[in-house]
$ cat my_file_13.pdb   # PDB, C-alpha atoms
MODEL        1
ATOM      1  CA  MET Z  29     106.324 107.932  52.071
ATOM      2  CA  THR Z  30     106.499 104.627  53.967
ATOM      3  CA  ASN Z  31     107.846 101.249  52.899
ATOM      4  CA  LEU Z  32     104.434  99.758  53.629
ATOM      5  CA  ILE Z  33     102.784  97.835  50.773
ATOM      6  CA  SER Z  34      99.817  96.156  52.493
ATOM      7  CA  CYS Z  35      98.115  95.522  55.851
ATOM      8  CA  GLN Z  36      95.881  92.574  56.733
ATOM      9  CA  PHE Z  37      94.273  91.397  59.980
ATOM     10  CA  ASN Z  38      94.480  87.764  61.016
ATOM     11  CA  GLN Z  39      91.288  85.714  61.349
ATOM     12  CA  ASP Z  40      90.155  87.098  64.737
ATOM     13  CA  GLN Z  41      91.646  90.607  64.247
ATOM     14  CA  GLY Z  42      93.887  90.074  67.271
ATOM     15  CA  CYS Z  43      96.949  90.685  65.081
ATOM     16  CA  PHE Z  44      97.738  92.409  61.821
ATOM     17  CA  ALA Z  45     100.544  91.756  59.352
ATOM     18  CA  CYS Z  46     102.277  94.201  57.030
ATOM     19  CA  GLY Z  47     103.926  93.553  53.699
ATOM     20  CA  MET Z  48     106.926  95.863  53.299
ATOM     21  CA  GLN Z  49     109.382  96.864  50.596
ATOM     22  CA  ASP Z  50     112.054  95.106  52.680
ATOM     23  CA  GLY Z  51     110.183  92.158  54.283
ATOM     24  CA  PHE Z  52     107.213  91.783  56.628
ATOM     25  CA  ARG Z  53     106.122  92.640  60.166
ATOM     26  CA  VAL Z  54     103.484  91.314  62.554
ATOM     27  CA  TYR Z  55     101.796  93.370  65.277
ATOM     28  CA  ASN Z  56      99.482  92.656  68.171
ATOM     29  CA  SER Z  57      96.346  94.745  67.558
ATOM     30  CA  HIS Z  58      95.423  95.636  71.148
ATOM     31  CA  PRO Z  59      97.507  96.515  72.987
ATOM     32  CA  LEU Z  60      99.592  97.587  69.994
ATOM     33  CA  LYS Z  61     102.952  95.836  69.996
ATOM     34  CA  GLU Z  62     105.377  94.658  67.334
ATOM     35  CA  ARG Z  63     105.606  90.859  67.568
ATOM     36  CA  GLU Z  64     107.745  89.878  64.605
ATOM     37  CA  ARG Z  65     109.983  91.561  62.059
ATOM     38  CA  GLN Z  66     111.573  89.766  59.124
ATOM     39  CA  ASP Z  67     113.907  91.868  57.005
ATOM     40  CA  PHE Z  68     114.686  90.283  53.634
ATOM     41  CA  GLY Z  69     115.965  93.437  51.969
ATOM     42  CA  SER Z  70     113.308  92.961  49.283
ATOM     43  CA  GLY Z  71     109.547  93.199  48.991
ATOM     44  CA  ILE Z  72     106.534  91.235  50.252
ATOM     45  CA  SER Z  73     103.128  92.331  48.923
ATOM     46  CA  ILE Z  74     100.853  89.825  50.698
ATOM     47  CA  VAL Z  75     101.162  88.488  54.267
ATOM     48  CA  GLU Z  76      98.399  86.114  55.381
ATOM     49  CA  MET Z  77      98.510  84.802  58.939
ATOM     50  CA  LEU Z  78      96.846  81.689  60.370
ATOM     51  CA  PHE Z  79      95.571  83.019  63.697
ATOM     52  CA  ARG Z  80      98.823  83.270  65.745
ATOM     53  CA  CYS Z  81     100.559  80.083  64.620
ATOM     54  CA  ASN Z  82     104.028  79.939  63.080
ATOM     55  CA  TYR Z  83     102.865  79.510  59.472
ATOM     56  CA  VAL Z  84     102.491  82.642  57.328
ATOM     57  CA  ALA Z  85     101.677  82.821  53.597
ATOM     58  CA  LEU Z  86     103.895  85.263  51.681
ATOM     59  CA  VAL Z  87     103.755  86.624  48.130
ATOM     60  CA  GLY Z  88     106.573  88.726  46.722
ATOM     61  CA  GLY Z  89     105.943  92.258  45.476
ATOM     62  CA  GLY Z  90     107.004  95.867  45.624
ATOM     63  CA  ASN Z  91     109.896  97.513  43.816
ATOM     64  CA  LYS Z  92     112.182  94.497  44.268
ATOM     65  CA  PRO Z  93     110.131  91.338  45.064
ATOM     66  CA  GLN Z  94     111.654  88.821  47.467
ATOM     67  CA  PHE Z  95     109.707  86.006  45.773
ATOM     68  CA  SER Z  96     107.900  85.727  42.455
ATOM     69  CA  PRO Z  97     104.467  87.427  42.489
ATOM     70  CA  GLN Z  98     103.266  84.199  40.853
ATOM     71  CA  LYS Z  99     104.148  82.024  43.859
ATOM     72  CA  VAL Z 100     102.688  81.434  47.317
ATOM     73  CA  MET Z 101     105.393  80.729  49.883
ATOM     74  CA  ILE Z 102     104.438  79.244  53.266
ATOM     75  CA  TRP Z 103     106.930  80.624  55.774
ATOM     76  CA  ASP Z 104     107.621  78.769  59.012
ATOM     77  CA  ASP Z 105     108.484  81.500  61.486
ATOM     78  CA  LEU Z 106     110.001  79.023  63.957
ATOM     79  CA  LYS Z 107     112.408  77.621  61.381
ATOM     80  CA  LYS Z 108     112.772  81.016  59.666
ATOM     81  CA  LYS Z 109     112.462  79.498  56.222
ATOM     82  CA  VAL Z 110     110.029  78.675  53.431
ATOM     83  CA  VAL Z 111     108.609  75.158  53.911
ATOM     84  CA  ILE Z 112     105.941  75.035  51.151
ATOM     85  CA  GLU Z 113     105.906  76.625  47.693
ATOM     86  CA  ILE Z 114     103.019  76.753  45.181
ATOM     87  CA  ALA Z 115     103.623  78.209  41.696
ATOM     88  CA  PHE Z 116     101.079  79.655  39.259
ATOM     89  CA  ALA Z 117     101.077  80.995  35.694
ATOM     90  CA  LEU Z 118      99.566  84.337  36.786
ATOM     91  CA  ASP Z 119     100.115  86.832  39.615
ATOM     92  CA  VAL Z 120      98.618  85.874  42.966
ATOM     93  CA  LYS Z 121      95.979  88.403  44.068
ATOM     94  CA  CYS Z 122      95.085  86.991  47.498
ATOM     95  CA  VAL Z 123      95.771  84.081  49.853
ATOM     96  CA  ARG Z 124      93.492  82.746  52.592
ATOM     97  CA  LEU Z 125      94.461  80.090  55.149
ATOM     98  CA  ARG Z 126      92.773  77.705  57.543
ATOM     99  CA  ARG Z 127      94.342  74.749  59.268
ATOM    100  CA  ASP Z 128      93.435  72.307  56.484
ATOM    101  CA  ARG Z 129      93.254  74.504  53.365
ATOM    102  CA  ILE Z 130      95.213  77.040  51.307
ATOM    103  CA  VAL Z 131      93.001  79.204  49.077
ATOM    104  CA  VAL Z 132      94.561  81.300  46.324
ATOM    105  CA  ALA Z 133      92.792  83.963  44.248
ATOM    106  CA  LEU Z 134      94.092  84.696  40.757
ATOM    107  CA  GLU Z 135      92.593  87.270  38.383
ATOM    108  CA  SER Z 136      89.560  85.188  37.354
ATOM    109  CA  VAL Z 137      89.833  81.926  39.280
ATOM    110  CA  ILE Z 138      89.957  80.657  42.875
ATOM    111  CA  LYS Z 139      92.086  77.574  43.594
ATOM    112  CA  VAL Z 140      91.839  75.477  46.749
ATOM    113  CA  PHE Z 141      94.684  73.252  48.002
ATOM    114  CA  THR Z 142      95.262  70.907  50.903
ATOM    115  CA  PHE Z 143      97.455  72.454  53.615
ATOM    116  CA  THR Z 144     100.054  69.686  53.496
ATOM    117  CA  GLN Z 145     103.781  69.421  52.834
ATOM    118  CA  SER Z 146     102.958  68.774  49.162
ATOM    119  CA  PRO Z 147      99.699  70.712  48.590
ATOM    120  CA  GLN Z 148      97.182  69.058  46.290
ATOM    121  CA  GLN Z 149      94.764  71.146  44.233
ATOM    122  CA  ILE Z 150      91.276  69.931  45.105
ATOM    123  CA  HIS Z 151      88.891  72.649  43.833
ATOM    124  CA  VAL Z 152      88.815  75.342  41.123
ATOM    125  CA  PHE Z 153      86.121  78.031  40.911
ATOM    126  CA  ASP Z 154      85.729  80.585  38.126
ATOM    127  CA  THR Z 155      85.004  84.210  39.046
ATOM    128  CA  SER Z 156      84.337  87.471  37.283
ATOM    129  CA  PRO Z 157      87.506  89.583  36.820
ATOM    130  CA  ASN Z 158      88.835  89.899  40.378
ATOM    131  CA  LEU Z 159      91.834  92.231  40.277
ATOM    132  CA  ALA Z 160      91.429  93.030  43.985
ATOM    133  CA  GLY Z 161      91.601  89.315  44.855
ATOM    134  CA  LEU Z 162      88.361  89.348  46.844
ATOM    135  CA  CYS Z 163      87.957  86.038  48.643
ATOM    136  CA  GLU Z 164      86.963  85.118  52.204
ATOM    137  CA  LEU Z 165      87.361  81.777  53.971
ATOM    138  CA  CYS Z 166      85.618  80.949  57.251
ATOM    139  CA  PRO Z 167      88.311  80.059  59.829
ATOM    140  CA  SER Z 168      85.925  78.017  62.003
ATOM    141  CA  SER Z 169      86.559  74.272  62.060
ATOM    142  CA  ASN Z 170      82.759  73.842  62.108
ATOM    143  CA  ASN Z 171      82.103  75.712  58.864
ATOM    144  CA  SER Z 172      84.063  75.402  55.610
ATOM    145  CA  ILE Z 173      82.403  78.338  53.846
ATOM    146  CA  LEU Z 174      84.277  80.101  51.024
ATOM    147  CA  VAL Z 175      82.902  83.317  49.464
ATOM    148  CA  PHE Z 176      84.113  85.072  46.306
ATOM    149  CA  PRO Z 177      82.760  87.263  43.451
ATOM    150  CA  GLY Z 178      80.407  85.363  41.165
ATOM    151  CA  LYS Z 179      80.594  85.060  37.418
ATOM    152  CA  THR Z 180      78.089  87.892  36.866
ATOM    153  CA  VAL Z 181      78.643  91.523  37.883
ATOM    154  CA  GLY Z 182      77.472  92.323  41.419
ATOM    155  CA  SER Z 183      77.076  88.703  42.495
ATOM    156  CA  ILE Z 184      78.872  86.544  45.030
ATOM    157  CA  GLU Z 185      79.083  82.767  45.329
ATOM    158  CA  VAL Z 186      79.081  80.822  48.590
ATOM    159  CA  VAL Z 187      80.675  77.364  48.527
ATOM    160  CA  ASN Z 188      80.799  74.731  51.250
ATOM    161  CA  LEU Z 189      84.220  73.126  50.801
ATOM    162  CA  GLU Z 190      83.055  70.081  52.745
ATOM    163  CA  ASN Z 191      80.360  69.412  50.162
ATOM    164  CA  THR Z 192      81.372  70.755  46.749
ATOM    165  CA  ASP Z 193      78.905  68.396  45.046
ATOM    166  CA  GLU Z 194      76.301  70.947  46.058
ATOM    167  CA  LYS Z 195      75.812  73.768  43.574
ATOM    168  CA  PRO Z 196      77.379  77.022  44.860
ATOM    169  CA  LEU Z 197      74.875  79.444  46.382
ATOM    170  CA  ALA Z 198      74.703  82.462  44.052
ATOM    171  CA  ILE Z 199      73.584  85.784  45.560
ATOM    172  CA  GLN Z 200      72.919  88.866  43.427
ATOM    173  CA  ALA Z 201      74.206  91.266  46.050
ATOM    174  CA  HIS Z 202      74.509  94.569  44.154
ATOM    175  CA  ASP Z 203      73.988  96.140  40.739
ATOM    176  CA  GLY Z 204      77.618  97.186  40.359
ATOM    177  CA  PRO Z 205      80.896  95.262  40.775
ATOM    178  CA  ILE Z 206      81.649  93.887  44.255
ATOM    179  CA  SER Z 207      84.371  95.898  46.028
ATOM    180  CA  CYS Z 208      84.465  94.353  49.507
ATOM    181  CA  ILE Z 209      83.456  91.060  51.176
ATOM    182  CA  ALA Z 210      83.589  90.125  54.875
ATOM    183  CA  LEU Z 211      82.567  86.953  56.727
ATOM    184  CA  ASN Z 212      81.695  86.834  60.399
ATOM    185  CA  LEU Z 213      83.624  84.415  62.620
ATOM    186  CA  LYS Z 214      80.973  81.677  62.463
ATOM    187  CA  GLY Z 215      80.689  81.980  58.692
ATOM    188  CA  ASN Z 216      76.884  82.213  58.765
ATOM    189  CA  GLN Z 217      76.786  85.868  57.635
ATOM    190  CA  VAL Z 218      78.579  87.666  54.816
ATOM    191  CA  ALA Z 219      78.694  91.435  54.267
ATOM    192  CA  THR Z 220      79.153  92.934  50.807
ATOM    193  CA  ALA Z 221      79.682  96.355  49.254
ATOM    194  CA  SER Z 222      79.801  97.464  45.633
ATOM    195  CA  ASP Z 223      82.099  99.944  43.917
ATOM    196  CA  LYS Z 224      79.468 102.638  44.587
ATOM    197  CA  GLY Z 225      80.120 102.262  48.326
ATOM    198  CA  THR Z 226      76.837 103.679  49.601
ATOM    199  CA  LEU Z 227      75.265 100.444  50.870
ATOM    200  CA  ILE Z 228      76.541  97.422  52.792
ATOM    201  CA  ARG Z 229      74.301  94.377  52.638
ATOM    202  CA  ILE Z 230      74.424  91.364  54.957
ATOM    203  CA  TRP Z 231      73.398  87.928  53.724
ATOM    204  CA  ASP Z 232      72.688  84.536  55.283
ATOM    205  CA  THR Z 233      75.303  82.164  53.838
ATOM    206  CA  THR Z 234      72.968  79.171  54.148
ATOM    207  CA  THR Z 235      69.804  80.552  52.537
ATOM    208  CA  GLY Z 236      71.150  83.523  50.556
ATOM    209  CA  HIS Z 237      68.497  85.766  52.124
ATOM    210  CA  GLN Z 238      69.305  89.394  52.898
ATOM    211  CA  ILE Z 239      69.476  89.974  56.665
ATOM    212  CA  ASN Z 240      70.311  93.670  56.786
ATOM    213  CA  GLU Z 241      71.023  96.733  54.683
ATOM    214  CA  LEU Z 242      73.326  99.420  56.051
ATOM    215  CA  ARG Z 243      73.806 102.868  54.582
ATOM    216  CA  ARG Z 244      77.300 104.354  54.779
ATOM    217  CA  GLY Z 245      76.196 107.571  53.099
ATOM    218  CA  SER Z 246      74.551 109.032  50.004
ATOM    219  CA  GLY Z 247      77.769 109.953  48.194
ATOM    220  CA  ASN Z 248      79.908 107.383  46.413
ATOM    221  CA  ALA Z 249      82.971 106.062  48.254
ATOM    222  CA  ASN Z 250      85.567 103.323  47.959
ATOM    223  CA  ILE Z 251      85.016 101.020  50.929
ATOM    224  CA  HIS Z 252      88.417  99.699  52.023
ATOM    225  CA  CYS Z 253      87.419  97.294  54.764
ATOM    226  CA  ILE Z 254      84.424  95.724  56.519
ATOM    227  CA  ASN Z 255      84.558  93.670  59.731
ATOM    228  CA  PHE Z 256      82.068  92.153  62.152
ATOM    229  CA  ASN Z 257      82.724  92.124  65.891
ATOM    230  CA  ASN Z 258      83.185  88.733  67.593
ATOM    231  CA  ASP Z 259      79.500  88.054  68.288
ATOM    232  CA  SER Z 260      78.178  89.679  65.077
ATOM    233  CA  THR Z 261      76.166  92.344  66.904
ATOM    234  CA  MET Z 262      78.105  95.199  65.279
ATOM    235  CA  LEU Z 263      79.912  95.951  62.046
ATOM    236  CA  CYS Z 264      82.527  98.562  61.158
ATOM    237  CA  ALA Z 265      83.561  99.903  57.747
ATOM    238  CA  SER Z 266      86.296 102.252  56.552
ATOM    239  CA  SER Z 267      86.422 104.113  53.262
ATOM    240  CA  ASP Z 268      88.365 106.705  51.295
ATOM    241  CA  ARG Z 269      86.190 109.372  52.944
ATOM    242  CA  GLY Z 270      88.474 109.106  55.996
ATOM    243  CA  THR Z 271      85.682 107.838  58.241
ATOM    244  CA  VAL Z 272      85.096 104.601  60.144
ATOM    245  CA  HIS Z 273      81.363 103.905  60.446
ATOM    246  CA  ILE Z 274      80.052 101.686  63.248
ATOM    247  CA  PHE Z 275      76.705  99.967  62.742
ATOM    248  CA  SER Z 276      74.576  98.036  65.189
ATOM    249  CA  LEU Z 277      73.145  94.763  63.906
ATOM    250  CA  ASP Z 278      70.921  94.602  66.989
ATOM    251  CA  GLU Z 279      67.427  95.831  66.100
ATOM    252  CA  SER Z 280      67.107  97.664  69.425
ATOM    253  CA  ILE Z 281      70.124  99.891  68.708
ATOM    254  CA  GLY Z 282      70.822 102.310  65.880
ATOM    255  CA  ASN Z 283      68.643 104.194  63.445
ATOM    256  CA  THR Z 284      66.720 103.350  60.331
ATOM    257  CA  VAL Z 285      66.441 106.143  57.783
ATOM    258  CA  ARG Z 286      62.726 106.947  57.864
ATOM    259  CA  THR Z 287      60.685 110.126  57.659
ATOM    260  CA  SER Z 288      58.411 109.129  60.525
ATOM    261  CA  PRO Z 289      58.220 106.082  62.788
ATOM    262  CA  ASN Z 290      54.423 106.057  62.290
ATOM    263  CA  SER Z 291      54.429 106.176  58.504
ATOM    264  CA  ASN Z 292      54.499 102.427  57.846
ATOM    265  CA  GLN Z 293      51.540 102.684  55.502
ATOM    266  CA  PHE Z 294      53.670 104.853  53.209
ATOM    267  CA  GLN Z 295      56.819 102.678  53.303
ATOM    268  CA  ARG Z 296      56.015 100.827  50.087
ATOM    269  CA  PHE Z 297      56.028 104.147  48.201
ATOM    270  CA  LEU Z 298      59.401 105.264  49.551
ATOM    271  CA  PRO Z 299      62.691 104.617  47.743
ATOM    272  CA  LYS Z 300      65.010 101.957  49.197
ATOM    273  CA  TYR Z 301      67.085 104.720  50.810
ATOM    274  CA  PHE Z 302      64.490 105.034  53.570
ATOM    275  CA  ASN Z 303      64.733 101.399  54.657
ATOM    276  CA  SER Z 304      68.480 101.293  55.255
ATOM    277  CA  LYS Z 305      70.038 101.338  58.698
ATOM    278  CA  VAL Z 306      72.559 104.114  59.292
ATOM    279  CA  SER Z 307      75.651 104.025  61.496
ATOM    280  CA  PHE Z 308      75.163 105.013  65.127
ATOM    281  CA  CYS Z 309      78.765 106.196  65.449
ATOM    282  CA  ARG Z 310      81.426 107.674  63.162
ATOM    283  CA  CYS Z 311      85.130 108.069  63.832
ATOM    284  CA  SER Z 312      87.116 110.533  61.720
ATOM    285  CA  LEU Z 313      90.641 109.700  60.581
ATOM    286  CA  PRO Z 314      92.940 112.683  59.960
ATOM    287  CA  THR Z 315      94.401 110.937  56.893
ATOM    288  CA  SER Z 316      93.271 110.093  53.371
ATOM    289  CA  SER Z 317      95.446 106.989  53.367
ATOM    290  CA  LYS Z 318      93.843 103.572  52.754
ATOM    291  CA  SER Z 319      92.812 101.939  56.031
ATOM    292  CA  ILE Z 320      91.584  98.681  57.518
ATOM    293  CA  CYS Z 321      89.362  98.603  60.609
ATOM    294  CA  ALA Z 322      88.256  96.124  63.279
ATOM    295  CA  PHE Z 323      86.816  95.929  66.777
ATOM    296  CA  THR Z 324      88.811  95.107  69.886
ATOM    297  CA  SER Z 325      87.935  91.693  71.355
ATOM    298  CA  ASP Z 326      85.527  93.209  73.916
ATOM    299  CA  SER Z 327      83.868  95.446  71.255
ATOM    300  CA  SER Z 328      84.471  98.568  73.364
ATOM    301  CA  ALA Z 329      86.717 100.206  70.783
ATOM    302  CA  VAL Z 330      87.422 100.214  67.072
ATOM    303  CA  MET Z 331      90.918 100.207  65.552
ATOM    304  CA  ALA Z 332      92.045 101.687  62.244
ATOM    305  CA  ILE Z 333      95.382 100.794  60.657
ATOM    306  CA  CYS Z 334      96.392 103.087  57.817
ATOM    307  CA  ASN Z 335      98.802 102.650  54.931
ATOM    308  CA  ASP Z 336     100.728 105.744  55.990
ATOM    309  CA  GLY Z 337     101.898 103.762  59.038
ATOM    310  CA  THR Z 338      99.477 105.242  61.567
ATOM    311  CA  TYR Z 339      97.307 103.384  64.090
ATOM    312  CA  TYR Z 340      94.177 104.809  65.735
ATOM    313  CA  ARG Z 341      91.976 103.374  68.460
ATOM    314  CA  PHE Z 342      88.619 104.964  69.263
ATOM    315  CA  ASN Z 343      86.499 104.212  72.315
ATOM    316  CA  PHE Z 344      82.771 104.524  71.628
ATOM    317  CA  ASN Z 345      79.413 104.026  73.309
ATOM    318  CA  LEU Z 346      75.938 103.172  72.070
ATOM    319  CA  LYS Z 347      74.949 106.845  72.262
ATOM    320  CA  GLY Z 348      77.244 107.398  69.297
ATOM    321  CA  GLU Z 349      79.952 109.226  71.237
ATOM    322  CA  SER Z 350      83.568 108.410  70.379
ATOM    323  CA  THR Z 351      86.965 109.559  71.588
ATOM    324  CA  ARG Z 352      90.400 108.893  70.130
ATOM    325  CA  GLU Z 353      91.982 106.883  72.916
ATOM    326  CA  TYR Z 354      95.302 105.972  71.298
ATOM    327  CA  PHE Z 355      97.481 106.949  68.348
ATOM    328  CA  ALA Z 356     100.851 105.670  67.169
ATOM    329  CA  HIS Z 357     103.213 105.505  64.187
ATOM    330  CA  PHE Z 358     103.465 101.715  64.370
ATOM    331  CA  LEU Z 359     106.254 101.359  61.794
ATOM    332  CA  GLU Z 360     108.538 103.286  64.147
ATOM    333  CA  MET Z 361     107.980 100.892  67.059
ATOM    334  CA  THR Z 362     110.922  98.696  68.058
ATOM    335  CA  ASP Z 363     109.617  96.964  71.201
ATOM    336  CA  LEU Z 364     110.016  93.352  70.090
TER
ENDMDL
END
$ encode --input "my_file_13.pdb" --output "structure tokens"
Amino acid sequence: MTNLISCQFNQDQGCFACGMQDGFRVYNSHPLKERERQDFGSGISIVEMLFRCNYVALVGGGNKPQFSPQKVMIWDDLKKKVVIEIAFALDVKCVRLRRDRIVVALESVIKVFTFTQSPQQIHVFDTSPNLAGLCELCPSSNNSILVFPGKTVGSIEVVNLENTDEKPLAIQAHDGPISCIALNLKGNQVATASDKGTLIRIWDTTTGHQINELRRGSGNANIHCINFNNDSTMLCASSDRGTVHIFSLDESIGNTVRTSPNSNQFQRFLPKYFNSKVSFCRCSLPTSSKSICAFTSDSSAVMAICNDGTYYRFNFNLKGESTREYFAHFLEMTDL
């Protein structure tokens, strides 16, 4: 049993941060290296980075919380102290940062603040019950897109924070409750999964049109994490099945589930299953622990960080071949 409470990548997946029963840690993703360790002696449940800058959002949690679970604390890692504090009436479920905004997800509401010494609340959005704190904020300075679960089951809402006079774009993404949301770096595509976990759908955040449908499998699964690569040509997903699936978003690569490539005249009679794109590569994790996954910056490998304190890196090619290139117990590293 580890002291690990949570793991979260930063905005470009170049680092990941861990909330611990005794503080927090920050690691470089590739090559794997511990960059920062802050031991409070008490727990941090949420650690949200802002790329690699010195500001980190912290929320207390665990067996003995360092801070109230109803507060967001902005930690300045240069000064080694809290410099901003925002209090709420309910537990904080998620925090997202960009250079000008602090976004906080509570159980059924999303609140947006200015990222200033005295944060001002500027937007409030209602959601369906959101115990997982699903909420994604585009980090690009050219796109202020915010995505969160909508007010109806299976829907998401896309908001442009630069123009909140516009009605939010509502997308009915799935029949069941949303379980995972991921934005690409540019913020022009959003991937969603439901609690069934068989399909991942990709949507255009401007028009709301479906761009792609990816099939993880036919059996239900809890999808833990979805991430695009840097240029949005691939997507990876991890689930409680202990597998990381890699999908190509390039039409020339990967497979579509079809009985015959020449049976187009019969496509309208086939169930939706036969029009989904399947993964071209799968990487097996020898653990049932919850995991997050992401691509390396050059998209030549996929990384999986697991809640049992293990790190895996798999090289893969477009033929679907993969090899486990690197493994480590990252919580045992001390090379600061």
$ residues_around --input "my_file_13.pdb" --residues "Tyr339 in chain Z" --least-positions-apart "5" --cutoff "9 Å" --atoms "all atoms listed in the file" --output "short mmCIF file (atom, residue, chain, number, x, y, z; two decimals) with C-alpha atoms, keeping the file's coordinate frame"
data_model
loop_
_atom_site.label_atom_id
_atom_site.label_comp_id
_atom_site.auth_asym_id
_atom_site.auth_seq_id
_atom_site.Cartn_x
_atom_site.Cartn_y
_atom_site.Cartn_z
CA LEU Z 60 99.59 97.59 69.99
CA MET Z 331 90.92 100.21 65.55
CA ALA Z 332 92.04 101.69 62.24
CA ILE Z 333 95.38 100.79 60.66
CA CYS Z 334 96.39 103.09 57.82
CA TYR Z 354 95.30 105.97 71.30
CA PHE Z 355 97.48 106.95 68.35
CA ALA Z 356 100.85 105.67 67.17
CA HIS Z 357 103.21 105.50 64.19
CA PHE Z 358 103.46 101.72 64.37
#
$ closest_residue --input "my_file_13.pdb" --among "Z:Leu189, Z:Val120, Z:Cys43, Z:Leu159" --to "Ser96 in chain Z" --atoms "all atoms listed in the file"
Z:Val120
$ closest_residue --input "my_file_13.pdb" --among "Z:Lys109, Z:Arg53, Z:Arg341, Z:Arg126" --to "Cys81 in chain Z" --atoms "all atoms listed in the file"
Z:Arg126
$ axis_aligned_box --input "my_file_13.pdb" --around "range 202-209 of chain Z" --padding-each-side "8 Å" --output "lines of an AutoDock Vina configuration file"
center_x = 79.2
center_y = 94.1
center_z = 45.8
size_x = 26.5
size_y = 22.1
size_z = 26.8
$ atom_distance --input "my_file_13.pdb" --atom1 "CA of Gly337 in chain Z" --atom2 "CA of Gly270 in chain Z"
14.8 Å
$ closest_residue --input "my_file_13.pdb" --among "Z:Asp223, Z:Asp154, Z:Asp232, Z:Asp50" --to "Ile199 in chain Z" --atoms "all atoms listed in the file"
Z:Asp232
$ residues_around --input "my_file_13.pdb" --residues "Val272 in chain Z" --least-positions-apart "4" --cutoff "7 Å" --atoms "only C-alpha atoms" --output "VMD selection string"
chain Z and resid 264 to 266 310 to 312
$ residues_around --input "my_file_13.pdb" --residues "Ala160 in chain Z" --least-positions-apart "6" --cutoff "10 Å" --atoms "all atoms listed in the file" --output "PyMOL selection string"
chain Z and resi 121-122+133-135+206-208
$ atom_distance --input "my_file_13.pdb" --atom1 "CA of Asp193 in chain Z" --atom2 "CA of Val152 in chain Z"
12.7 Å
$ residues_around --input "my_file_13.pdb" --residues "Asn216 in chain Z" --least-positions-apart "4" --cutoff "7 Å" --atoms "all atoms listed in the file" --output "number ranges by chain"
Z: 212, 232-234
$ atom_distance --input "my_file_13.pdb" --atom1 "CA of Ile320 in chain Z" --atom2 "CA of Gln41 in chain Z"
10.5 Å
$ resolve_selection --input "my_file_13.pdb" --expression "the PyMOL selection byres ((chain Z and resi 248) around 12)" --output "PyMOL selection string"
chain Z and resi 221-227+243-247+249-251+267-269
$ resolve_selection --input "my_file_13.pdb" --expression "the PyMOL selection byres ((chain Z and resi 101) around 6)" --output "number ranges by chain"
Z: 85-86, 100, 102, 112-113
